[in-house]
file final33.cif (mmCIF, C-alpha atoms)
data_work
#
loop_
_atom_site.label_atom_id
_atom_site.label_comp_id
_atom_site.auth_asym_id
_atom_site.auth_seq_id
_atom_site.Cartn_x
_atom_site.Cartn_y
_atom_site.Cartn_z
CA MET A 1450 12.30 -22.90 -11.83
CA SER A 1451 11.69 -19.65 -13.64
CA PRO A 1452 9.69 -17.53 -11.16
CA ARG A 1453 7.61 -14.58 -12.27
CA LEU A 1454 9.64 -12.10 -10.28
CA GLU A 1455 7.33 -9.23 -11.08
CA HIS A 1456 4.69 -10.68 -8.73
CA ARG A 1457 4.50 -9.43 -5.16
CA VAL A 1458 3.07 -11.31 -2.19
CA LEU A 1459 1.37 -9.72 0.81
CA VAL A 1460 2.52 -11.09 4.18
CA LEU A 1461 0.20 -11.06 7.22
CA ASN A 1462 1.13 -11.72 10.82
CA ARG A 1463 -0.74 -14.44 12.68
CA LEU A 1464 -3.39 -11.85 13.65
CA TRP A 1465 -4.09 -11.30 9.92
CA GLN A 1466 -2.53 -7.82 9.94
CA PRO A 1467 -0.33 -6.80 6.98
CA VAL A 1468 3.35 -6.59 7.89
CA ASN A 1469 5.29 -6.81 4.62
CA ILE A 1470 5.27 -7.25 0.85
CA VAL A 1471 7.80 -9.70 -0.56
CA GLY A 1472 8.86 -11.13 -3.88
CA VAL A 1473 8.09 -14.61 -5.18
CA LEU A 1474 11.36 -16.22 -4.07
CA ARG A 1475 11.04 -14.92 -0.52
CA ALA A 1476 7.41 -16.00 -0.39
CA MET A 1477 8.28 -19.53 -1.50
CA SER A 1478 11.07 -19.68 1.09
CA LEU A 1479 8.66 -18.71 3.89
CA LEU A 1480 6.08 -21.23 2.70
CA PHE A 1481 8.36 -24.25 2.21
CA ARG A 1482 10.39 -23.62 5.36
CA GLY A 1483 7.15 -23.88 7.31
CA ARG A 1484 7.20 -20.30 8.52
CA ALA A 1485 4.03 -19.30 6.69
CA SER A 1486 0.91 -20.73 5.06
CA ALA A 1487 -0.71 -19.61 1.84
CA ILE A 1488 -4.16 -18.02 1.93
CA HIS A 1489 -6.51 -18.79 -0.93
CA ALA A 1490 -9.80 -16.92 -1.16
CA ASP A 1491 -12.82 -18.48 -2.83
CA PRO A 1492 -16.59 -17.95 -2.60
CA ALA A 1493 -16.76 -20.23 0.44
CA GLY A 1494 -14.21 -18.17 2.39
CA HIS A 1495 -10.49 -18.35 3.07
CA ARG A 1496 -8.46 -21.54 2.93
CA VAL A 1497 -5.18 -21.57 4.85
CA LEU A 1498 -2.84 -24.09 3.24
CA GLY A 1499 0.59 -25.32 4.31
CA ALA A 1500 3.31 -26.20 1.80
CA GLU A 1501 2.14 -29.75 1.09
CA GLU A 1502 -1.48 -28.64 0.82
CA TRP A 1503 -0.44 -25.82 -1.51
CA LEU A 1504 1.44 -28.28 -3.73
CA ARG A 1505 -1.65 -30.49 -3.90
CA PHE A 1506 -3.95 -27.53 -4.53
CA SER A 1507 -1.67 -26.33 -7.37
CA ALA A 1508 -1.81 -29.79 -8.97
CA GLU A 1509 -5.59 -30.09 -8.62
CA THR A 1510 -6.35 -26.55 -9.84
CA PRO A 1511 -3.61 -25.58 -12.32
CA PRO A 1512 -3.02 -21.83 -12.30
CA PRO A 1513 -2.91 -19.65 -15.42
CA PRO A 1514 0.64 -19.22 -16.82
CA ALA A 1515 0.96 -15.68 -15.46
CA GLU A 1516 0.38 -16.92 -11.90
CA ALA A 1517 2.68 -19.96 -11.90
CA VAL A 1518 6.28 -20.95 -11.35
CA ARG A 1519 7.42 -24.03 -13.24
CA SER A 1520 9.97 -26.80 -13.06
CA PRO A 1521 10.28 -29.92 -15.23
CA CYS A 1522 8.17 -31.78 -12.67
CA ILE A 1523 5.59 -29.35 -11.24
CA VAL A 1524 3.57 -26.25 -11.92
CA LEU A 1525 3.20 -24.29 -8.68
CA ARG A 1526 0.66 -21.58 -8.11
CA VAL A 1527 2.14 -18.31 -6.79
CA PRO A 1528 0.32 -17.37 -3.56
CA ARG A 1529 -1.06 -13.86 -3.37
CA VAL A 1530 -1.16 -13.70 0.45
CA LEU A 1531 0.86 -15.49 3.15
CA LEU A 1532 -0.04 -15.92 6.82
CA LEU A 1533 2.91 -16.14 9.23
CA GLY A 1534 2.67 -18.90 11.80
CA GLU A 1535 4.15 -17.21 14.87
CA TYR A 1536 4.86 -13.54 14.28
CA ASP A 1537 2.14 -11.38 15.88
CA ARG A 1538 3.69 -7.92 15.93
CA VAL A 1539 3.21 -5.04 13.51
CA PRO A 1540 6.68 -3.62 12.85
CA ARG A 1541 7.11 0.12 13.06
CA ARG A 1542 7.89 1.55 9.66
CA GLU A 1543 9.26 5.05 9.28
CA ILE A 1544 7.96 6.65 6.11
CA ARG A 1545 10.44 9.03 4.56
CA PHE A 1546 9.20 12.59 4.28
CA SER A 1547 9.47 13.55 0.62
CA ARG A 1548 7.60 15.45 -2.05
CA ARG A 1549 6.50 12.23 -3.74
CA ASN A 1550 5.24 10.68 -0.48
CA VAL A 1551 3.25 13.83 0.36
CA TYR A 1552 1.63 13.61 -3.08
CA LEU A 1553 0.87 9.93 -2.43
CA ARG A 1554 -0.60 10.70 0.98
CA ASP A 1555 -2.85 13.36 -0.53
CA ALA A 1556 -3.65 11.30 -3.66
CA ASN A 1557 -2.31 14.10 -5.89
CA THR A 1558 -5.24 16.22 -4.74
CA CYS A 1559 -4.95 19.91 -3.89
CA GLN A 1560 -5.93 20.21 -0.24
CA TYR A 1561 -7.57 23.58 -0.88
CA CYS A 1562 -9.62 23.26 -4.08
CA GLY A 1563 -9.99 19.48 -4.03
CA ARG A 1564 -8.98 18.92 -7.64
CA THR A 1565 -6.56 16.19 -8.73
CA PHE A 1566 -3.45 17.08 -10.76
CA ARG A 1567 -0.33 15.58 -12.29
CA ASP A 1568 2.87 15.82 -10.23
CA GLU A 1569 4.25 18.63 -12.34
CA GLU A 1570 1.13 20.73 -11.66
CA LEU A 1571 1.51 20.56 -7.88
CA ASN A 1572 3.50 22.27 -5.15
CA LEU A 1573 4.06 21.69 -1.45
CA ASP A 1574 2.46 24.29 0.79
CA HIS A 1575 3.36 25.17 4.37
CA VAL A 1576 0.00 25.47 6.16
CA VAL A 1577 1.67 27.65 8.80
CA PRO A 1578 4.21 29.74 6.85
CA ARG A 1579 7.86 29.33 7.73
CA ASP A 1580 8.09 33.06 8.46
CA VAL A 1581 5.90 32.55 11.54
CA GLY A 1582 7.52 29.33 12.71
CA GLY A 1583 5.88 26.74 10.46
CA LYS A 1584 7.93 23.56 10.09
CA THR A 1585 8.63 21.39 7.07
CA ASN A 1586 7.11 18.14 8.27
CA TRP A 1587 4.14 15.81 7.74
CA GLU A 1588 1.90 17.85 10.05
CA ASN A 1589 2.45 21.20 8.31
CA ILE A 1590 2.88 20.36 4.62
CA VAL A 1591 0.05 19.72 2.18
CA THR A 1592 -0.30 19.22 -1.54
CA ALA A 1593 -1.48 22.34 -3.36
CA CYS A 1594 -2.02 23.20 -6.99
CA VAL A 1595 -0.06 26.11 -8.42
CA ARG A 1596 -3.09 28.39 -8.43
CA CYS A 1597 -4.06 27.74 -4.81
CA ASN A 1598 -0.46 27.90 -3.68
CA SER A 1599 -0.09 31.34 -5.27
CA ARG A 1600 -3.40 32.55 -3.86
CA LYS A 1601 -2.54 31.51 -0.30
CA ALA A 1602 0.98 32.93 -0.58
CA ASN A 1603 2.72 33.52 2.73
CA ARG A 1604 -0.44 33.48 4.87
CA LEU A 1605 -2.45 31.15 7.08
CA PRO A 1606 -5.36 29.51 5.25
CA GLU A 1607 -7.94 31.52 7.18
CA GLN A 1608 -6.10 34.75 6.35
CA ALA A 1609 -6.39 33.85 2.67
CA GLY A 1610 -10.06 32.87 2.99
CA MET A 1611 -9.21 29.23 2.26
CA THR A 1612 -10.10 26.00 4.02
CA LEU A 1613 -8.07 22.83 4.26
CA ARG A 1614 -9.97 19.76 3.12
CA ARG A 1615 -8.12 17.61 5.67
CA ALA A 1616 -5.62 18.29 8.42
CA PRO A 1617 -2.17 16.97 7.40
CA ALA A 1618 -0.74 14.04 9.35
CA LYS A 1619 2.00 11.47 9.02
CA PRO A 1620 0.64 8.61 6.92
CA LYS A 1621 0.62 4.99 7.97
CA TRP A 1622 2.68 2.44 6.06
CA ARG A 1623 -0.50 0.88 4.66
CA LEU A 1624 -1.58 4.18 3.12
CA VAL A 1625 1.63 4.51 1.12
CA VAL A 1626 1.48 0.84 0.16
CA ALA A 1627 -2.08 1.21 -1.08
CA SER A 1628 -1.11 4.20 -3.20
CA SER A 1629 1.45 2.09 -5.06
CA LEU A 1630 -0.69 -0.99 -5.74
CA SER A 1631 -1.54 -2.22 -9.19
CA ALA A 1632 -5.19 -2.85 -10.03
CA ASP A 1633 -4.56 -6.59 -9.72
CA GLU A 1634 -3.04 -6.19 -6.25
CA VAL A 1635 -5.91 -3.96 -5.13
CA ALA A 1636 -8.35 -6.71 -6.14
CA ALA A 1637 -6.34 -9.45 -4.38
CA TRP A 1638 -5.44 -7.56 -1.20
CA ARG A 1639 -8.30 -5.11 -0.64
CA GLU A 1640 -9.84 -6.92 2.33
CA PHE A 1641 -6.47 -7.19 4.11
CA LEU A 1642 -5.34 -3.61 3.52
CA GLU A 1643 -8.84 -2.15 3.79
CA VAL A 1644 -8.43 -0.47 0.41
CA THR A 1645 -11.36 1.43 -1.02
CA PRO A 1646 -12.41 0.85 -4.67
CA ALA A 1647 -10.45 3.94 -5.69
CA GLY A 1648 -7.26 2.26 -4.44
CA GLN A 1649 -6.75 4.38 -1.35
CA LEU A 1650 -6.98 3.41 2.30
CA PRO A 1651 -9.48 5.19 4.54
CA TRP A 1652 -7.80 8.17 6.21
CA ARG A 1653 -8.40 6.80 9.70
CA ASN A 1654 -6.09 3.85 8.88
#

call {"tool": "encode", "arguments": {"input": "final33.cif", "output": "structure tokens"}}
result
Amino acid sequence: MSPRLEHRVLVLNRLWQPVNIVGVLRAMSLLFRGRASAIHADPAGHRVLGAEEWLRFSAETPPPPAEAVRSPCIVLRVPRVLLLGEYDRVPRREIRFSRRNVYLRDANTCQYCGRTFRDEELNLDHVVPRDVGGKTNWENIVTACVRCNSRKANRLPEQAGMTLRRAPAKPKWRLVVASSLSADEVAAWREFLEVTPAGQLPWRN
């Protein structure tokens, strides 16, 4: 086979909660070892198909070339979503604190003026300045444009006459995942990740 390795597959636990994103080879291993079923969405709802059912479905409804893996004998549709048969936990995922992940959390939007900028036009701002004990962590760092960052300077927002659009918090794994999705993945996975049309997860998630 010559799998389309650029595809990614969303993995759900048996409670239909997202727990991982895997490549094509890993997805096929889970499916054909009986550890997961493929989920196919159509206007009538969701069909949950085991390996043999997925083989039959692929033969009856041939996929477009970009969504198939091929061998001399078969053309197999690449599943977009897998449902694990037994696993019901949601693994804890530690998200690394970094400049890029803060920008992703805040959708490249200045948390003071509300405008969206390119990475190179942004800074990280300590809501509580370090001089008065502010820490460099998820709960005290926000994305700020250069202008707002300069205006606030080494003060609290209220001292600078500025208001935060949203209190900073450590993001969930799903928020960072949603920020990195392609348009095609957003369309295929939106209902499972609860992604809004703009490609971001609601803040409460």

call {"tool": "resolve_selection", "arguments": {"input": "final33.cif", "expression": "the PyMOL selection byres ((chain A and resi 1459) around 9)", "output": "list in words"}}
result
Arg1457, Val1458, Val1460, Leu1461, Pro1467, Val1468, Asn1469, Ile1470, Val1471, Gly1472, Ala1476, Pro1528, Arg1529, Val1530, Leu1531, Leu1532, Trp1638 and Phe1641 of chain A

call {"tool": "atom_distance", "arguments": {"input": "final33.cif", "atom1": "atom CA of Ser1599 of chain A", "atom2": "atom CA of Arg1549 of chain A"}}
result
20.3 Å

call {"tool": "resolve_selection", "arguments": {"input": "final33.cif", "expression": "the PyMOL selection byres ((chain A and resi 1577-1592) around 9)", "output": "number ranges by chain"}}
result
A: 1546, 1548, 1551-1552, 1554-1561, 1571-1576, 1593-1594, 1598, 1602-1606, 1613, 1616-1620

call {"tool": "axis_aligned_box", "arguments": {"input": "final33.cif", "around": "segment 1602-1620 of chain A", "padding_each_side": "6 Å", "output": "AutoDock Vina command-line options"}}
result
--center_x -3.7 --center_y 21.7 --center_z 4.4 --size_x 24.8 --size_y 38.1 --size_z 21.9

call {"tool": "resolve_selection", "arguments": {"input": "final33.cif", "expression": "the PyMOL selection byres ((chain A and resi 1500) around 8)", "output": "list in words"}}
result
Leu1480, Phe1481, Gly1483, Ser1486, Ala1487, Leu1498, Gly1499, Glu1501, Glu1502, Trp1503 and Leu1504 of chain A

call {"tool": "closest_residue", "arguments": {"input": "final33.cif", "among": "A:Ser1631, A:Met1477, A:Arg1496, A:Asn1550", "to": "Leu1525 of chain A", "atoms": "all atoms listed in the file"}}
result
A:Met1477

call {"tool": "atom_distance", "arguments": {"input": "final33.cif", "atom1": "atom CA of Gly1534 of chain A", "atom2": "atom CA of His1495 of chain A"}}
result
15.8 Å

call {"tool": "closest_residue", "arguments": {"input": "final33.cif", "among": "A:Arg1545, A:Arg1475, A:Arg1564, A:Arg1639", "to": "Cys1597 of chain A", "atoms": "all atoms listed in the file"}}
result
A:Arg1564

call {"tool": "closest_residue", "arguments": {"input": "final33.cif", "among": "A:Val1497, A:Val1527, A:Cys1562, A:Gln1608", "to": "Ser1478 of chain A", "atoms": "all atoms listed in the file"}}
result
A:Val1527

call {"tool": "atom_distance", "arguments": {"input": "final33.cif", "atom1": "atom CA of Leu1464 of chain A", "atom2": "atom CA of Leu1533 of chain A"}}
result
8.8 Å

call {"tool": "decode", "arguments": {"input": "final33.cif", "residues": "segment 1502-1612 of chain A", "atoms": "C-alpha atoms", "output": "short mmCIF file (atom, residue, chain, number, x, y, z; two decimals), in the first residue's frame"}}
result
data_model
loop_
_atom_site.label_atom_id
_atom_site.label_comp_id
_atom_site.auth_asym_id
_atom_site.auth_seq_id
_atom_site.Cartn_x
_atom_site.Cartn_y
_atom_site.Cartn_z
CA GLU A 1502 -17.77 -3.50 7.42
CA TRP A 1503 -15.30 -0.74 6.52
CA LEU A 1504 -13.77 -2.93 3.80
CA ARG A 1505 -17.22 -3.59 2.38
CA PHE A 1506 -18.22 0.07 2.62
CA SER A 1507 -15.01 1.10 0.81
CA ALA A 1508 -15.78 -1.36 -2.01
CA GLU A 1509 -19.41 -0.26 -2.33
CA THR A 1510 -18.66 3.49 -2.19
CA PRO A 1511 -15.19 4.02 -3.69
CA PRO A 1512 -13.49 7.05 -2.15
CA PRO A 1513 -11.87 9.85 -4.15
CA PRO A 1514 -8.11 9.27 -4.76
CA ALA A 1515 -7.09 11.81 -2.11
CA GLU A 1516 -8.97 9.85 0.58
CA ALA A 1517 -7.82 6.33 -0.27
CA VAL A 1518 -5.00 3.89 0.35
CA ARG A 1519 -4.42 1.36 -2.40
CA SER A 1520 -3.01 -2.10 -2.96
CA PRO A 1521 -3.12 -4.26 -6.09
CA CYS A 1522 -6.32 -5.84 -4.76
CA ILE A 1523 -8.29 -3.17 -2.88
CA VAL A 1524 -8.97 0.52 -2.58
CA LEU A 1525 -9.57 1.37 1.07
CA ARG A 1526 -11.20 4.54 2.29
CA VAL A 1527 -9.19 6.40 4.95
CA PRO A 1528 -11.41 6.93 8.01
CA ARG A 1529 -11.62 10.46 9.34
CA VAL A 1530 -12.70 9.46 12.88
CA LEU A 1531 -12.15 6.29 14.93
CA LEU A 1532 -14.09 5.14 17.98
CA LEU A 1533 -12.14 3.06 20.51
CA GLY A 1534 -13.91 -0.03 21.76
CA GLU A 1535 -12.86 -0.09 25.42
CA TYR A 1536 -10.91 3.01 26.39
CA ASP A 1537 -13.14 5.45 28.30
CA ARG A 1538 -10.66 7.84 29.90
CA VAL A 1539 -9.54 11.26 28.74
CA PRO A 1540 -5.76 11.35 29.16
CA ARG A 1541 -4.26 14.36 30.85
CA ARG A 1542 -2.18 16.35 28.41
CA GLU A 1543 0.27 18.97 29.60
CA ILE A 1544 0.44 21.84 27.14
CA ARG A 1545 3.86 23.41 26.98
CA PHE A 1546 3.92 27.08 27.93
CA SER A 1547 5.46 28.93 25.00
CA ARG A 1548 5.07 32.12 23.03
CA ARG A 1549 3.52 30.27 20.10
CA ASN A 1550 1.01 28.43 22.30
CA VAL A 1551 -0.04 31.67 24.00
CA TYR A 1552 -0.66 33.17 20.56
CA LEU A 1553 -2.68 30.07 19.63
CA ARG A 1554 -4.70 30.26 22.83
CA ASP A 1555 -5.51 33.92 22.17
CA ALA A 1556 -6.03 33.40 18.41
CA ASN A 1557 -3.33 36.00 17.63
CA THR A 1558 -5.65 38.62 19.09
CA CYS A 1559 -4.46 41.45 21.33
CA GLN A 1560 -6.25 40.98 24.64
CA TYR A 1561 -6.51 44.74 25.13
CA CYS A 1562 -7.61 46.24 21.80
CA GLY A 1563 -9.14 43.08 20.34
CA ARG A 1564 -7.43 43.32 16.97
CA THR A 1565 -5.78 40.34 15.26
CA PHE A 1566 -2.13 40.53 14.18
CA ARG A 1567 0.66 38.47 12.64
CA ASP A 1568 3.09 36.81 15.05
CA GLU A 1569 5.80 39.36 14.40
CA GLU A 1570 3.43 42.19 15.40
CA LEU A 1571 2.70 40.73 18.83
CA ASN A 1572 4.31 40.60 22.27
CA LEU A 1573 3.64 38.74 25.49
CA ASP A 1574 2.39 40.93 28.32
CA HIS A 1575 2.52 40.25 32.05
CA VAL A 1576 -0.93 41.26 33.33
CA VAL A 1577 0.56 41.69 36.80
CA PRO A 1578 4.05 43.12 36.18
CA ARG A 1579 7.01 41.07 37.33
CA ASP A 1580 8.18 43.99 39.47
CA VAL A 1581 5.21 43.46 41.78
CA GLY A 1582 5.35 39.68 41.83
CA GLY A 1583 3.65 38.75 38.55
CA LYS A 1584 4.62 35.31 37.28
CA THR A 1585 5.40 34.08 33.79
CA ASN A 1586 2.67 31.48 33.41
CA TRP A 1587 -0.61 30.78 31.63
CA GLU A 1588 -2.64 32.71 34.21
CA ASN A 1589 -0.62 35.94 33.99
CA ILE A 1590 0.50 36.18 30.36
CA VAL A 1591 -1.61 37.48 27.49
CA THR A 1592 -1.08 38.32 23.86
CA ALA A 1593 -0.69 42.05 23.23
CA CYS A 1594 0.07 44.12 20.17
CA VAL A 1595 3.16 46.32 20.26
CA ARG A 1596 1.11 49.49 20.71
CA CYS A 1597 -0.96 48.18 23.63
CA ASN A 1598 2.07 46.58 25.22
CA SER A 1599 3.91 49.91 25.14
CA ARG A 1600 0.89 51.81 26.44
CA LYS A 1601 0.39 49.49 29.40
CA ALA A 1602 4.12 49.43 30.18
CA ASN A 1603 4.99 48.25 33.67
CA ARG A 1604 1.52 48.79 35.18
CA LEU A 1605 -1.63 46.87 36.01
CA PRO A 1606 -4.30 47.14 33.31
CA GLU A 1607 -6.54 49.30 35.49
CA GLN A 1608 -3.64 51.64 36.22
CA ALA A 1609 -3.18 52.10 32.48
CA GLY A 1610 -6.92 52.58 31.89
CA MET A 1611 -7.09 49.32 29.94
CA THR A 1612 -9.38 46.32 30.18
#
